[in-house]
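Trainee: First the structure, then my questions, so here it is.
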Amino acid sequence: IEKHIAMINEAKGIPGVIEERWHEAMTVRHCALSLVGEPIMYPNINQLLSELHNRNISTFLVTNAQFPEAIKTLVPVTQLYVSVDAPNQQDLERIDRPLFSDAWQRLGKSLDLLRAKRQRTVARLTIVKGYNEDDLDGYANLLLRGIPTLVEIKGVTFCGKSDASDLTMESCPWHHEIVQLSDSLCHKLNHKLRTASSSVTYGIASSHKHSVSVVLARHDQLCDTDGVWHTWIDYDKFHQLVRSGEPFDVHEYRAPTPAWALHGAQEEGFDPSDTRLYKKKANGKSR
């Protein structure tokens, strides 16, 4: 937290920084446990999560689904993500180059354990063109095992050339391609759920063009009978529920989705209270 505050201090006075938000950023409210290796391997992960919650800091934990037993013993998390990097064993081994010979089986078991979690769960699919976008049936079969609260489908982000990767800008899907894929996957998943006599159904709840991402959500957990989505989080309520020590589930800390964040909104996922800046290219055109 001290390092976070020191970093935020350095941003003061930078053109474009809104002073009100600079002050707000001094209080840590959210913690993303990802992009720093596999957080669930940390032997004191449950103590860390509890300490964060004691400080009213929400937790977003992302696991690569290679340590199912750790998922089983995990304390409640504000939102638990499982990375589903490929729809079948062959693609998983080609894309992830996993350390474990039974990586595919570990992924399946992790998704099975996701079903027992009472808080928000997410299956995150990162789509790489030419690598993992074709086998929708495989993805649907995996999702059928976990039946997560949300399915986040996003296009891979190109971060520059690297000797460790052969990805290029051509590997990055356009937003309309992710929307089309998400719609097809949603229909396929719902068909499989009906075939399995499940009452669960999914719908496209939200999308964000700039992030090249779409979110599928469970109707039974996050949608009212009048069709209003509640994909956002009531953080104060979550911390209250954690402090109570009593079991709780997804319904108890959900919040309504703003109209601008809904799929199909004119704003395309951009908050209208923010000022959107367009950078001019060398040819004078905006983007």
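Residues are referred to by chain and number: the chain letter is A, B, ... according to the order shown in the structure tokens, the number counts from 1 in that chain, and ligands are numbered separately from 1 in the order shown.
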Write out as number ranges by chain the set of residues from segment 82-223 of chain A that DSSP, computed on the backbone, places in alpha helix (DSSP H).
Mentor: A: 89-96, 103-114, 136-146, 175-195, 219-222
Trainee: Give me the residues near Ser184 of chain A as a PDB file with N, CA and C atoms, in the first residue's frame, where near means some atom within 10 Å (using only C-alpha atoms) and where sequence neighbours in that chain fewer than 5 positions away do not count.
Mentor:
```pdb
ATOM      1  N   LEU A 136     -15.684 -23.906 -30.609  1.00  0.00           N
ATOM      2  CA  LEU A 136     -16.675 -23.400 -29.652  1.00  0.00           C
ATOM      3  C   LEU A 136     -17.339 -24.533 -28.890  1.00  0.00           C
ATOM      4  N   ASP A 137     -17.467 -25.667 -29.518  1.00  0.00           N
ATOM      5  CA  ASP A 137     -18.059 -26.820 -28.841  1.00  0.00           C
ATOM      6  C   ASP A 137     -17.200 -27.230 -27.644  1.00  0.00           C
ATOM      7  N   ILE A 178     -15.154 -10.571 -31.686  1.00  0.00           N
ATOM      8  CA  ILE A 178     -15.394 -11.114 -30.344  1.00  0.00           C
ATOM      9  C   ILE A 178     -16.891 -11.142 -30.044  1.00  0.00           C
ATOM     10  N   VAL A 179     -17.615 -10.119 -30.481  1.00  0.00           N
ATOM     11  CA  VAL A 179     -19.070 -10.094 -30.283  1.00  0.00           C
ATOM     12  C   VAL A 179     -19.723 -11.264 -31.014  1.00  0.00           C
ATOM     13  N   LEU A 189     -23.775 -22.874 -25.719  1.00  0.00           N
ATOM     14  CA  LEU A 189     -23.786 -23.224 -24.301  1.00  0.00           C
ATOM     15  C   LEU A 189     -25.209 -23.410 -23.790  1.00  0.00           C
TER      16      LEU A 189
END
```
Trainee: Taking 3 positions as the minimum chain separation for residues in the same chain, which residues sit within 10 Å of Asp102 of chain A when counting only C-alpha atoms? Answer as a list in words.
Mentor: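 The residues that qualify are Gln66, Gln89, Glu93, Pro98, Leu99, Gln105, Arg106 and Leu107 of chain A.
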Trainee: Restrict the selected residues to all heavy atoms and save them as a short mmCIF file (atom, residue, chain, number, x, y, z; two decimals), in the first residue's frame.
Mentor:
```cif
data_model
loop_
_atom_site.label_atom_id
_atom_site.label_comp_id
_atom_site.auth_asym_id
_atom_site.auth_seq_id
_atom_site.Cartn_x
_atom_site.Cartn_y
_atom_site.Cartn_z
N GLN A 66 -4.44 -24.70 -12.52
CA GLN A 66 -3.53 -25.82 -12.42
C GLN A 66 -3.38 -26.34 -10.99
O GLN A 66 -2.64 -27.30 -10.75
CB GLN A 66 -2.16 -25.44 -12.99
CG GLN A 66 -2.17 -25.19 -14.49
CD GLN A 66 -2.61 -26.42 -15.26
OE1 GLN A 66 -1.88 -27.41 -15.36
NE2 GLN A 66 -3.82 -26.38 -15.81
N GLN A 89 -7.43 -30.24 -25.32
CA GLN A 89 -6.11 -30.56 -24.76
C GLN A 89 -4.98 -30.19 -25.71
O GLN A 89 -3.95 -29.64 -25.29
CB GLN A 89 -6.04 -32.05 -24.42
CG GLN A 89 -4.73 -32.45 -23.74
CD GLN A 89 -4.74 -33.88 -23.23
OE1 GLN A 89 -5.78 -34.53 -23.23
NE2 GLN A 89 -3.61 -34.36 -22.76
N GLU A 93 -2.00 -27.37 -24.71
CA GLU A 93 -0.57 -27.68 -24.62
C GLU A 93 0.24 -26.83 -25.59
O GLU A 93 1.38 -26.45 -25.31
CB GLU A 93 -0.36 -29.17 -24.90
CG GLU A 93 -0.93 -30.05 -23.79
CD GLU A 93 -0.88 -31.53 -24.11
OE1 GLU A 93 -0.51 -31.88 -25.26
OE2 GLU A 93 -1.21 -32.34 -23.20
N PRO A 98 2.30 -25.94 -20.73
CA PRO A 98 2.19 -26.12 -19.28
C PRO A 98 3.33 -26.94 -18.68
O PRO A 98 3.97 -27.75 -19.36
CB PRO A 98 0.85 -26.84 -19.10
CG PRO A 98 0.64 -27.56 -20.40
CD PRO A 98 1.22 -26.66 -21.44
N LEU A 99 3.55 -26.72 -17.39
CA LEU A 99 4.58 -27.45 -16.66
C LEU A 99 4.15 -28.88 -16.35
O LEU A 99 4.97 -29.79 -16.29
CB LEU A 99 4.92 -26.73 -15.36
CG LEU A 99 5.56 -25.34 -15.48
CD1 LEU A 99 5.69 -24.72 -14.11
CD2 LEU A 99 6.94 -25.45 -16.14
N GLN A 105 -6.34 -32.19 -17.41
CA GLN A 105 -7.15 -32.78 -16.35
C GLN A 105 -7.27 -31.81 -15.17
O GLN A 105 -8.33 -31.72 -14.53
CB GLN A 105 -6.53 -34.10 -15.89
CG GLN A 105 -6.66 -35.24 -16.89
CD GLN A 105 -5.75 -35.10 -18.10
OE1 GLN A 105 -4.69 -34.45 -18.02
NE2 GLN A 105 -6.15 -35.68 -19.22
N ARG A 106 -6.20 -31.08 -14.88
CA ARG A 106 -6.22 -30.09 -13.80
C ARG A 106 -7.22 -28.97 -14.10
O ARG A 106 -7.94 -28.49 -13.22
CB ARG A 106 -4.83 -29.51 -13.57
CG ARG A 106 -3.85 -30.47 -12.90
CD ARG A 106 -2.43 -29.92 -12.93
NE ARG A 106 -1.49 -30.81 -12.27
CZ ARG A 106 -0.98 -30.61 -11.06
NH1 ARG A 106 -1.31 -29.54 -10.36
NH2 ARG A 106 -0.13 -31.47 -10.54
N LEU A 107 -7.26 -28.54 -15.37
CA LEU A 107 -8.22 -27.52 -15.77
C LEU A 107 -9.64 -28.01 -15.56
O LEU A 107 -10.48 -27.29 -15.00
CB LEU A 107 -8.00 -27.15 -17.24
CG LEU A 107 -9.07 -26.27 -17.90
CD1 LEU A 107 -9.20 -24.93 -17.18
CD2 LEU A 107 -8.77 -26.06 -19.38
#
```
Trainee: Report as CSV the residues of segment 169-286 of chain A within 12 Å of segment 17-41 of chain A, each with its shortest atom pair and distance in Å (one decimal), using only C-alpha atoms, ordered by chain and increasing residue number.
Mentor:
```
residue,atom,partner,partner_atom,distance
A:Ile233,CA,A:His30,CA,11.8
A:Tyr235,CA,A:Arg29,CA,9.1
A:Asp236,CA,A:Arg29,CA,10.4
A:His239,CA,A:Arg29,CA,11.1
A:Asp274,CA,A:Ile18,CA,10.4
A:Thr275,CA,A:Ile18,CA,10.9
```
Trainee: I'd like the contact shell of Tyr139 of chain A - 8 Å cut-off, only C-alpha atoms, skipping same-chain residues fewer than 2 positions apart - returned as a list in words.
Mentor: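 In the requested form, the answer reads Ala86, Pro87, Asn88, Asp135, Leu136, Asp137, Asn141, Leu142, Leu143 and Leu185 of chain A.
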Trainee: Output the selection as a short mmCIF file (atom, residue, chain, number, x, y, z; two decimals), in the first residue's frame - C-alpha atoms for each residue.
Mentor:
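File out_24.cif, as written:
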```cif
data_model
loop_
_atom_site.label_atom_id
_atom_site.label_comp_id
_atom_site.auth_asym_id
_atom_site.auth_seq_id
_atom_site.Cartn_x
_atom_site.Cartn_y
_atom_site.Cartn_z
CA ALA A 86 -7.99 -23.27 -24.92
CA PRO A 87 -11.02 -25.45 -25.73
CA ASN A 88 -9.21 -28.77 -26.00
CA ASP A 135 -13.60 -24.98 -31.26
CA LEU A 136 -16.68 -23.40 -29.65
CA ASP A 137 -18.06 -26.82 -28.84
CA ASN A 141 -18.22 -28.36 -22.79
CA LEU A 142 -15.71 -26.82 -20.38
CA LEU A 143 -18.12 -24.08 -19.30
CA LEU A 185 -20.81 -19.49 -27.90
#
```
